[in-house]
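Structure file start_31.pdb (PDB, C-alpha atoms and all ligand atoms) follows.
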ATOM      1  CA  MET G   1       0.000   0.000   0.000
ATOM      2  CA  PRO G   2       1.400   3.459  -0.862
ATOM      3  CA  ASN G   3       2.263   5.821   1.966
ATOM      4  CA  VAL G   4      -0.266   8.631   1.500
ATOM      5  CA  ASP G   5      -0.400  11.803   3.616
ATOM      6  CA  LEU G   6      -3.101  14.234   2.516
ATOM      7  CA  HIS G   7      -3.152  16.705   5.418
ATOM      8  CA  SER G   8      -0.215  18.884   6.500
ATOM      9  CA  HIS G   9       0.680  22.513   7.210
ATOM     10  CA  SER G  10       3.486  24.933   6.417
ATOM     11  CA  SER G  11       4.378  28.408   7.709
ATOM     12  CA  ILE G  12       1.993  29.746   5.046
ATOM     13  CA  SER G  13      -0.649  29.021   7.725
ATOM     14  CA  ASP G  14       0.133  27.668  11.214
ATOM     15  CA  GLY G  15       2.829  25.114  10.437
ATOM     16  CA  ILE G  16       6.458  25.697  11.408
ATOM     17  CA  LEU G  17       8.332  24.600   8.249
ATOM     18  CA  ILE G  18       8.229  26.228   4.821
ATOM     19  CA  PRO G  19       6.536  24.143   2.079
ATOM     20  CA  GLU G  20       9.880  22.868   0.707
ATOM     21  CA  GLU G  21      10.872  21.630   4.173
ATOM     22  CA  VAL G  22       7.529  19.870   4.678
ATOM     23  CA  ALA G  23       8.034  18.178   1.277
ATOM     24  CA  ALA G  24      11.549  17.050   2.216
ATOM     25  CA  ARG G  25      10.348  15.650   5.533
ATOM     26  CA  ALA G  26       7.474  13.800   3.832
ATOM     27  CA  LYS G  27       9.920  12.286   1.328
ATOM     28  CA  ALA G  28      12.380  11.331   4.079
ATOM     29  CA  ASN G  29       9.544   9.583   5.943
ATOM     30  CA  GLY G  30       8.654   7.548   2.843
ATOM     31  CA  VAL G  31       5.557   9.412   1.639
ATOM     32  CA  ASP G  32       4.551   8.494  -1.944
ATOM     33  CA  LEU G  33       1.625  10.897  -2.313
ATOM     34  CA  TRP G  34       1.500  14.170  -0.374
ATOM     35  CA  ALA G  35      -0.825  17.137   0.053
ATOM     36  CA  LEU G  36      -0.014  20.421   1.761
ATOM     37  CA  THR G  37      -3.348  21.675   3.156
ATOM     38  CA  ASP G  38      -2.742  25.092   4.696
ATOM     39  CA  HIS G  39      -5.653  26.754   6.470
ATOM     40  CA  ASP G  40      -7.749  29.020   4.199
ATOM     41  CA  GLU G  41      -4.758  29.802   1.971
ATOM     42  CA  LEU G  42      -3.454  28.612  -1.420
ATOM     43  CA  ASP G  43      -0.155  30.498  -1.548
ATOM     44  CA  GLY G  44       2.032  27.527  -0.620
ATOM     45  CA  ILE G  45       0.844  25.341  -3.484
ATOM     46  CA  PRO G  46       3.287  26.332  -6.262
ATOM     47  CA  ALA G  47       6.332  25.832  -4.003
ATOM     48  CA  ALA G  48       4.918  22.562  -2.642
ATOM     49  CA  ARG G  49       4.225  21.220  -6.137
ATOM     50  CA  ALA G  50       7.699  22.147  -7.384
ATOM     51  CA  ALA G  51       9.382  20.626  -4.319
ATOM     52  CA  ALA G  52       7.435  17.369  -4.675
ATOM     53  CA  ALA G  53       8.344  17.157  -8.382
ATOM     54  CA  GLU G  54      12.003  17.755  -7.560
ATOM     55  CA  LEU G  55      11.896  14.937  -4.986
ATOM     56  CA  GLY G  56       9.988  12.568  -7.313
ATOM     57  CA  MET G  57       7.061  12.400  -4.869
ATOM     58  CA  GLY G  58       3.381  12.324  -5.864
ATOM     59  CA  TYR G  59       1.575  15.583  -5.116
ATOM     60  CA  VAL G  60      -2.033  16.641  -4.564
ATOM     61  CA  PRO G  61      -2.925  20.358  -4.345
ATOM     62  CA  GLY G  62      -4.970  20.947  -1.198
ATOM     63  CA  VAL G  63      -6.438  23.389   1.309
ATOM     64  CA  GLU G  64      -8.178  23.189   4.703
ATOM     65  CA  VAL G  65     -11.215  25.468   4.907
ATOM     66  CA  SER G  66     -12.515  26.714   8.281
ATOM     67  CA  ILE G  67     -16.304  26.655   8.595
ATOM     68  CA  THR G  68     -18.897  27.167  11.311
ATOM     69  CA  TRP G  69     -21.590  24.531  11.597
ATOM     70  CA  ALA G  70     -24.158  24.447  14.408
ATOM     71  CA  GLY G  71     -22.045  26.951  16.339
ATOM     72  CA  GLN G  72     -18.853  24.881  16.140
ATOM     73  CA  THR G  73     -15.706  25.281  14.088
ATOM     74  CA  VAL G  74     -15.301  22.442  11.609
ATOM     75  CA  HIS G  75     -12.593  21.951   8.989
ATOM     76  CA  ILE G  76     -13.211  20.787   5.422
ATOM     77  CA  VAL G  77     -10.191  19.705   3.397
ATOM     78  CA  GLY G  78     -10.270  20.246  -0.369
ATOM     79  CA  LEU G  79      -8.053  17.942  -2.450
ATOM     80  CA  GLN G  80      -7.128  18.026  -6.147
ATOM     81  CA  ILE G  81      -8.239  21.646  -6.301
ATOM     82  CA  ASP G  82      -7.266  24.021  -9.078
ATOM     83  CA  GLU G  83      -5.605  26.754  -7.033
ATOM     84  CA  THR G  84      -6.142  29.292  -9.829
ATOM     85  CA  ASN G  85      -9.934  29.012  -9.514
ATOM     86  CA  ALA G  86     -11.327  32.489  -8.732
ATOM     87  CA  GLN G  87     -14.371  31.344  -6.775
ATOM     88  CA  LEU G  88     -12.234  29.348  -4.354
ATOM     89  CA  ALA G  89      -9.569  32.054  -4.064
ATOM     90  CA  LEU G  90     -12.115  34.835  -3.407
ATOM     91  CA  GLY G  91     -14.008  32.705  -0.903
ATOM     92  CA  LEU G  92     -10.799  32.142   1.037
ATOM     93  CA  VAL G  93      -9.938  35.856   0.989
ATOM     94  CA  ALA G  94     -13.288  36.527   2.668
ATOM     95  CA  THR G  95     -12.722  33.696   5.185
ATOM     96  CA  ARG G  96      -9.305  35.056   6.147
ATOM     97  CA  SER G  97     -10.470  38.643   6.553
ATOM     98  CA  GLY G  98     -11.716  38.386  10.151
ATOM     99  CA  ARG G  99      -8.542  36.873  11.604
ATOM    100  CA  GLU G 100      -6.702  40.033  12.553
ATOM    101  CA  ARG G 101      -9.641  41.544  14.450
ATOM    102  CA  ARG G 102     -10.168  38.234  16.222
ATOM    103  CA  ALA G 103      -6.479  38.057  17.155
ATOM    104  CA  ARG G 104      -6.551  41.562  18.669
ATOM    105  CA  GLU G 105      -9.597  40.625  20.706
ATOM    106  CA  MET G 106      -7.907  37.397  21.866
ATOM    107  CA  SER G 107      -4.938  39.482  22.950
ATOM    108  CA  ALA G 108      -7.160  41.898  24.933
ATOM    109  CA  GLN G 109      -8.805  38.977  26.717
ATOM    110  CA  LEU G 110      -5.461  37.318  27.486
ATOM    111  CA  GLU G 111      -4.263  40.654  28.873
ATOM    112  CA  ARG G 112      -7.156  40.577  31.345
ATOM    113  CA  ALA G 113      -6.123  37.019  32.215
ATOM    114  CA  GLY G 114      -2.630  38.290  33.071
ATOM    115  CA  ILE G 115      -0.798  37.575  29.791
ATOM    116  CA  SER G 116       0.485  40.805  28.218
ATOM    117  CA  GLY G 117       1.610  41.516  24.695
ATOM    118  CA  ALA G 118       0.081  38.378  23.201
ATOM    119  CA  TYR G 119      -0.790  39.903  19.815
ATOM    120  CA  GLU G 120       2.760  41.136  19.184
ATOM    121  CA  GLY G 121       4.130  37.934  20.711
ATOM    122  CA  ALA G 122       2.016  35.700  18.476
ATOM    123  CA  LEU G 123       3.008  37.755  15.418
ATOM    124  CA  LYS G 124       6.628  36.661  15.859
ATOM    125  CA  PHE G 125       5.496  33.117  15.049
ATOM    126  CA  VAL G 126       3.394  34.115  12.048
ATOM    127  CA  GLY G 127       4.703  33.413   8.540
ATOM    128  CA  ASN G 128       1.689  34.945   6.800
ATOM    129  CA  PRO G 129       0.044  37.918   8.597
ATOM    130  CA  ASP G 130      -3.366  37.115   7.019
ATOM    131  CA  LEU G 131      -3.343  33.791   8.755
ATOM    132  CA  ILE G 132      -2.738  34.667  12.402
ATOM    133  CA  GLY G 133      -4.448  31.987  14.473
ATOM    134  CA  ARG G 134      -4.651  30.258  17.790
ATOM    135  CA  THR G 135      -1.566  28.082  17.222
ATOM    136  CA  HIS G 136       0.606  31.209  16.972
ATOM    137  CA  PHE G 137      -0.752  32.439  20.318
ATOM    138  CA  ALA G 138      -0.061  28.980  21.760
ATOM    139  CA  ARG G 139       3.608  29.163  20.707
ATOM    140  CA  PHE G 140       3.946  32.600  22.353
ATOM    141  CA  ILE G 141       2.353  31.382  25.613
ATOM    142  CA  ILE G 142       4.770  28.410  25.658
ATOM    143  CA  GLU G 143       7.695  30.744  24.994
ATOM    144  CA  GLN G 144       6.597  32.740  28.060
ATOM    145  CA  GLY G 145       6.889  29.568  30.124
ATOM    146  CA  ILE G 146       3.190  29.669  31.055
ATOM    147  CA  CYS G 147       2.372  26.261  29.547
ATOM    148  CA  LYS G 148       4.534  23.356  28.399
ATOM    149  CA  ASP G 149       2.952  22.417  25.074
ATOM    150  CA  VAL G 150       0.303  23.397  22.528
ATOM    151  CA  PRO G 151      -2.483  21.098  23.779
ATOM    152  CA  GLU G 152      -2.024  22.487  27.303
ATOM    153  CA  VAL G 153      -2.369  26.074  26.038
ATOM    154  CA  PHE G 154      -5.562  25.150  24.200
ATOM    155  CA  ARG G 155      -6.984  23.442  27.290
ATOM    156  CA  HIS G 156      -6.299  26.422  29.548
ATOM    157  CA  TYR G 157      -6.694  29.411  27.257
ATOM    158  CA  LEU G 158      -7.873  28.914  23.697
ATOM    159  CA  ILE G 159     -11.007  26.770  23.622
ATOM    160  CA  GLU G 160     -14.606  27.770  24.258
ATOM    161  CA  GLY G 161     -15.148  28.878  27.831
ATOM    162  CA  LYS G 162     -11.467  29.784  28.364
ATOM    163  CA  PRO G 163     -10.144  33.363  28.734
ATOM    164  CA  GLY G 164      -8.466  33.685  25.314
ATOM    165  CA  PHE G 165     -11.288  32.202  23.257
ATOM    166  CA  VAL G 166     -13.071  34.559  20.873
ATOM    167  CA  PRO G 167     -16.028  33.080  18.996
ATOM    168  CA  HIS G 168     -15.680  33.530  15.270
ATOM    169  CA  ARG G 169     -17.997  33.000  12.323
ATOM    170  CA  TRP G 170     -16.149  31.225   9.491
ATOM    171  CA  ALA G 171     -17.552  30.180   6.093
ATOM    172  CA  THR G 172     -20.645  27.956   5.863
ATOM    173  CA  LEU G 173     -20.523  24.247   5.018
ATOM    174  CA  SER G 174     -22.311  24.973   1.782
ATOM    175  CA  GLN G 175     -19.802  27.670   0.794
ATOM    176  CA  ALA G 176     -16.774  25.508   1.544
ATOM    177  CA  VAL G 177     -18.024  22.492  -0.383
ATOM    178  CA  THR G 178     -19.219  24.705  -3.256
ATOM    179  CA  TRP G 179     -15.851  26.493  -3.554
ATOM    180  CA  ILE G 180     -13.916  23.221  -3.460
ATOM    181  CA  ARG G 181     -16.148  21.625  -6.088
ATOM    182  CA  ALA G 182     -16.040  24.769  -8.258
ATOM    183  CA  ALA G 183     -12.255  24.364  -8.259
ATOM    184  CA  GLY G 184     -12.621  20.751  -9.443
ATOM    185  CA  GLY G 185     -11.698  19.364  -6.027
ATOM    186  CA  VAL G 186     -12.941  16.696  -3.664
ATOM    187  CA  ALA G 187     -14.328  17.791  -0.275
ATOM    188  CA  VAL G 188     -13.202  15.798   2.779
ATOM    189  CA  VAL G 189     -14.312  16.198   6.413
ATOM    190  CA  ALA G 190     -11.116  16.792   8.417
ATOM    191  CA  HIS G 191     -10.568  14.960  11.752
ATOM    192  CA  PRO G 192     -14.252  14.170  12.351
ATOM    193  CA  GLY G 193     -13.512  12.739  15.801
ATOM    194  CA  ARG G 194     -12.517  16.167  17.086
ATOM    195  CA  TYR G 195     -15.953  17.766  16.940
ATOM    196  CA  LYS G 196     -18.165  17.775  20.002
ATOM    197  CA  PHE G 197     -21.337  16.774  18.181
ATOM    198  CA  SER G 198     -24.051  14.507  19.530
ATOM    199  CA  LYS G 199     -24.806  11.356  17.539
ATOM    200  CA  LEU G 200     -27.814  13.096  16.031
ATOM    201  CA  ALA G 201     -25.836  16.215  15.054
ATOM    202  CA  THR G 202     -23.092  14.043  13.540
ATOM    203  CA  ASP G 203     -25.708  12.285  11.421
ATOM    204  CA  GLU G 204     -27.200  15.619  10.364
ATOM    205  CA  PHE G 205     -23.757  16.975   9.529
ATOM    206  CA  PHE G 206     -22.679  13.971   7.448
ATOM    207  CA  ASN G 207     -25.989  13.975   5.564
ATOM    208  CA  ALA G 208     -25.754  17.718   4.856
ATOM    209  CA  PHE G 209     -22.147  17.269   3.688
ATOM    210  CA  LYS G 210     -23.139  14.411   1.405
ATOM    211  CA  ASP G 211     -26.159  16.292  -0.018
ATOM    212  CA  LEU G 212     -23.833  19.162  -0.947
ATOM    213  CA  GLY G 213     -21.544  16.772  -2.831
ATOM    214  CA  GLY G 214     -18.991  16.002  -0.104
ATOM    215  CA  LYS G 215     -17.159  12.774  -0.909
ATOM    216  CA  ALA G 216     -14.844  11.634   1.882
ATOM    217  CA  ILE G 217     -13.916  11.783   5.564
ATOM    218  CA  GLU G 218     -10.575  11.460   7.271
ATOM    219  CA  VAL G 219     -10.447   8.060   8.921
ATOM    220  CA  MET G 220      -6.717   8.057   9.662
ATOM    221  CA  THR G 221      -5.672  11.407  11.154
ATOM    222  CA  GLY G 222      -3.224  12.543  13.803
ATOM    223  CA  SER G 223      -6.252  13.747  15.811
ATOM    224  CA  HIS G 224      -7.840  10.291  16.135
ATOM    225  CA  THR G 225      -7.222   7.660  18.759
ATOM    226  CA  VAL G 226      -6.847   4.021  17.702
ATOM    227  CA  ASP G 227     -10.490   3.469  18.702
ATOM    228  CA  GLN G 228     -11.556   6.366  16.500
ATOM    229  CA  TYR G 229      -9.792   4.840  13.461
ATOM    230  CA  ALA G 230     -12.301   1.964  13.715
ATOM    231  CA  ILE G 231     -15.291   4.183  14.550
ATOM    232  CA  TYR G 232     -14.767   6.436  11.535
ATOM    233  CA  ALA G 233     -13.946   3.524   9.227
ATOM    234  CA  LYS G 234     -17.369   2.141  10.099
ATOM    235  CA  LEU G 235     -19.054   5.516   9.614
ATOM    236  CA  ALA G 236     -17.341   5.992   6.222
ATOM    237  CA  LYS G 237     -18.822   2.695   5.078
ATOM    238  CA  HIS G 238     -22.228   3.519   6.564
ATOM    239  CA  TYR G 239     -22.498   6.860   4.736
ATOM    240  CA  GLY G 240     -20.748   5.723   1.566
ATOM    241  CA  PHE G 241     -17.821   8.119   2.043
ATOM    242  CA  GLN G 242     -14.342   7.482   0.720
ATOM    243  CA  ALA G 243     -11.578   7.430   3.330
ATOM    244  CA  SER G 244      -8.649   9.820   3.638
ATOM    245  CA  ARG G 245      -5.384   9.591   5.554
ATOM    246  CA  GLY G 246      -3.410  12.605   6.766
ATOM    247  CA  SER G 247      -1.197  13.353   9.747
ATOM    248  CA  ASP G 248      -2.201  17.043  10.164
ATOM    249  CA  PHE G 249       1.526  17.620  10.702
ATOM    250  CA  HIS G 250       2.316  21.175  11.924
ATOM    251  CA  GLY G 251       5.961  20.883  12.915
ATOM    252  CA  PRO G 252       8.721  18.705  14.372
ATOM    253  CA  GLY G 253       8.372  18.274  18.104
ATOM    254  CA  GLU G 254       4.932  19.845  18.080
ATOM    255  CA  SER G 255       2.756  17.330  16.246
ATOM    256  CA  ARG G 256       2.024  14.026  17.957
ATOM    257  CA  ILE G 257       2.113  12.158  14.634
ATOM    258  CA  ASP G 258       4.945  12.920  12.223
ATOM    259  CA  ILE G 259       4.165  13.286   8.512
ATOM    260  CA  GLY G 260       3.794   9.914   6.768
ATOM    261  CA  THR G 261       3.769   7.832   9.949
ATOM    262  CA  LEU G 262       0.091   7.023  10.515
ATOM    263  CA  PRO G 263      -0.993   3.386  10.316
ATOM    264  CA  PRO G 264      -2.556   2.401   6.972
ATOM    265  CA  CYS G 265      -6.330   2.728   6.459
ATOM    266  CA  PRO G 266      -8.295  -0.277   7.740
ATOM    267  CA  PRO G 267      -9.312  -2.705   4.975
ATOM    268  CA  GLY G 268     -12.637  -2.504   3.187
ATOM    269  CA  LEU G 269     -12.601   1.263   2.598
ATOM    270  CA  VAL G 270     -12.423   3.125  -0.696
ATOM    271  CA  PRO G 271      -9.365   5.421  -0.493
ATOM    272  CA  VAL G 272     -10.064   8.961  -1.672
ATOM    273  CA  TRP G 273      -6.833   8.720  -3.717
ATOM    274  CA  GLN G 274      -7.786   5.479  -5.491
ATOM    275  CA  ASN G 275      -7.731   6.970  -9.008
ATOM    276  CA  TRP G 276      -5.005   9.585  -8.506
TER     277      TRP G 276
HETATM  278  P1  LIG L 301      -7.666  28.774  14.355
HETATM  279  O1  LIG L 301      -7.811  28.520  12.885
HETATM  280  O2  LIG L 301      -6.930  30.034  14.663
HETATM  281  O3  LIG L 301      -8.977  28.676  15.098
HETATM  282  O4  LIG L 301      -6.725  27.620  14.933
HETATM  283  C1  LIG L 301      -7.034  26.284  14.689
HETATM  284  C2  LIG L 301      -5.768  25.466  14.810
HETATM  285  O5  LIG L 301      -5.408  25.349  16.166
HETATM  286  C3  LIG L 301      -5.915  24.035  14.328
HETATM  287  O6  LIG L 301      -5.696  23.942  12.957
HETATM  288  C4  LIG L 301      -4.821  23.332  15.086
HETATM  289  O7  LIG L 301      -3.585  23.582  14.463
HETATM  290  C5  LIG L 301      -4.831  24.062  16.406
HETATM  291  N1  LIG L 301      -5.688  23.418  17.437
HETATM  292  C6  LIG L 301      -7.025  23.478  17.556
HETATM  293  N2  LIG L 301      -7.450  22.818  18.651
HETATM  294  C7  LIG L 301      -6.334  22.325  19.247
HETATM  295  C8  LIG L 301      -6.086  21.555  20.435
HETATM  296  N3  LIG L 301      -7.089  21.180  21.230
HETATM  297  N4  LIG L 301      -4.815  21.229  20.709
HETATM  298  C9  LIG L 301      -3.800  21.629  19.913
HETATM  299  N5  LIG L 301      -3.971  22.353  18.794
HETATM  300  C10 LIG L 301      -5.208  22.700  18.460
HETATM  301 MN    MN L 302      -3.619  24.203  12.319
HETATM  302 MN    MN L 303      -8.000  21.097  11.201
HETATM  303 MN    MN L 304      -4.992  20.807   9.693
END
Starting from the coordinates I provided, produce the structure as structure tokens.
Amino acid sequence: MPNVDLHSHSSISDGILIPEEVAARAKANGVDLWALTDHDELDGIPAARAAAAELGMGYVPGVEVSITWAGQTVHIVGLQIDETNAQLALGLVATRSGRERRAREMSAQLERAGISGAYEGALKFVGNPDLIGRTHFARFIIEQGICKDVPEVFRHYLIEGKPGFVPHRWATLSQAVTWIRAAGGVAVVAHPGRYKFSKLATDEFFNAFKDLGGKAIEVMTGSHTVDQYAIYAKLAKHYGFQASRGSDFHGPGESRIDIGTLPPCPPGLVPVWQNW
């Protein structure tokens, strides 16, 4: 079975490495088919494609779109997209536009919680100013010695109900799937095990995604536990979704699962990459 990794980040969004470095690490870890899927941003694609070609590694142009569904943030990965498509590009410009205001508000809230200078501090970790996000704040808070790792910062400061959390309205499910399909791509639900949906809401979400033309879900992701690999394999079969595999690698020493090191997909699933 080929080693496929269809979810990873560079410093174009909230990853640590530049696209060429992510490509080199994927190759070194034995990846045969790779997608860089930066958050709400297509700018890394040309460099990623060129680096993969240089290394003789298969490449899939991708993106991870932030959406709000039933009050929660959900991520939809688009694969095999045409990054020159105007509808997708303009949709992502609109999605990115609220990030700076949100970041300033996060900083004001963190200030009240006793952490000063968080906006400027987070900016030092930002490769692309349009894409300032929670991970950059997490790196600053670790640098200050307040927490030891990214998950701990999220638990204490950056999730709903915590002092640095600012609710944000991203794109809709319909917009994300429409933009991805307009660009000739395949829409994939990212790390489905991460959302705090009831069984009923999960069913509603998967049906809505499918009705819009969504094709696949991530079964193997760095966010899933071993138990969740089996749960989402079963759900993929139940809903007739193809299965994707992607580490969600953000950087060495930061991501629990390195790029290209997830177990293979369980048998009996249709891989989203089967005809690529
Ligand atoms: P944002 O787009 O600014 O809301 O940030 C979302 C990003 O934060 C995700 O793509 C992950 O990289 C990171 N993230 C979200 N939740 C967690 C968590 N619980 N632990 C660690 N990282 C997280
Ligand atoms: Mn991220
Ligand atoms: Mn995600
Ligand atoms: Mn991701």
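When all atoms listed in the file are used to compute distances to G:Gly222, the closest of the residues G:Phe154, G:Pro263, G:Phe205, G:Ala183 turns out to be G:Pro263.
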Where does the PyMOL selection byres (((chain G and resi 81-98) around 9) and not hetatm) land in this file, that is, which residues does it pick, as a tab-separated table (two decimals) with C-alpha atoms, keeping the file's coordinate frame?
chain	number	residue	atom	x	y	z
G	40	ASP	CA	-7.75	29.02	4.20
G	41	GLU	CA	-4.76	29.80	1.97
G	42	LEU	CA	-3.45	28.61	-1.42
G	43	ASP	CA	-0.16	30.50	-1.55
G	45	ILE	CA	0.84	25.34	-3.48
G	46	PRO	CA	3.29	26.33	-6.26
G	60	VAL	CA	-2.03	16.64	-4.56
G	61	PRO	CA	-2.92	20.36	-4.34
G	62	GLY	CA	-4.97	20.95	-1.20
G	63	VAL	CA	-6.44	23.39	1.31
G	65	VAL	CA	-11.22	25.47	4.91
G	66	SER	CA	-12.52	26.71	8.28
G	67	ILE	CA	-16.30	26.66	8.60
G	78	GLY	CA	-10.27	20.25	-0.37
G	79	LEU	CA	-8.05	17.94	-2.45
G	80	GLN	CA	-7.13	18.03	-6.15
G	99	ARG	CA	-8.54	36.87	11.60
G	100	GLU	CA	-6.70	40.03	12.55
G	101	ARG	CA	-9.64	41.54	14.45
G	102	ARG	CA	-10.17	38.23	16.22
G	103	ALA	CA	-6.48	38.06	17.16
G	130	ASP	CA	-3.37	37.12	7.02
G	131	LEU	CA	-3.34	33.79	8.76
G	168	HIS	CA	-15.68	33.53	15.27
G	169	ARG	CA	-18.00	33.00	12.32
G	170	TRP	CA	-16.15	31.22	9.49
G	171	ALA	CA	-17.55	30.18	6.09
G	175	GLN	CA	-19.80	27.67	0.79
G	176	ALA	CA	-16.77	25.51	1.54
G	178	THR	CA	-19.22	24.70	-3.26
G	179	TRP	CA	-15.85	26.49	-3.55
G	180	ILE	CA	-13.92	23.22	-3.46
G	181	ARG	CA	-16.15	21.62	-6.09
G	182	ALA	CA	-16.04	24.77	-8.26
G	183	ALA	CA	-12.26	24.36	-8.26
G	184	GLY	CA	-12.62	20.75	-9.44
G	185	GLY	CA	-11.70	19.36	-6.03
G	186	VAL	CA	-12.94	16.70	-3.66
Requested in this report: Quick one: residues within 7 Å of (-11.4, 7.2, 7.3) (file frame), counting only C-alpha atoms, please, as a ChimeraX atom specification.
Outcome: /G:217-220,229,232-233,236,243-245,265
Go ahead and save the residues from that selection, with C-alpha atoms, as a PDB file, in the frame of the given file.
ATOM      1  CA  ILE G 217     -13.916  11.783   5.564  1.00  0.00           C
ATOM      2  CA  GLU G 218     -10.575  11.460   7.271  1.00  0.00           C
ATOM      3  CA  VAL G 219     -10.447   8.060   8.921  1.00  0.00           C
ATOM      4  CA  MET G 220      -6.717   8.057   9.662  1.00  0.00           C
ATOM      5  CA  TYR G 229      -9.792   4.840  13.461  1.00  0.00           C
ATOM      6  CA  TYR G 232     -14.767   6.436  11.535  1.00  0.00           C
ATOM      7  CA  ALA G 233     -13.946   3.524   9.227  1.00  0.00           C
ATOM      8  CA  ALA G 236     -17.341   5.992   6.222  1.00  0.00           C
ATOM      9  CA  ALA G 243     -11.578   7.430   3.330  1.00  0.00           C
ATOM     10  CA  SER G 244      -8.649   9.820   3.638  1.00  0.00           C
ATOM     11  CA  ARG G 245      -5.384   9.591   5.554  1.00  0.00           C
ATOM     12  CA  CYS G 265      -6.330   2.728   6.459  1.00  0.00           C
TER      13      CYS G 265
END
Query - At most 9 Å from ligand LIG 301 (chain L) (all atoms listed in the file): residue list as a ChimeraX atom specification - result: /G:9,13-15,38-40,64,66,73,75,99,102-103,131-138,149-155,158-159,168,194,248-250,255
Report task. Tell me which protein, DNA and RNA residues are within 12 Å of G:Gly240, counting all atoms listed in the file, leaving out same-chain ones fewer than 3 positions away, and put them as a count of residues only. Result -> 22
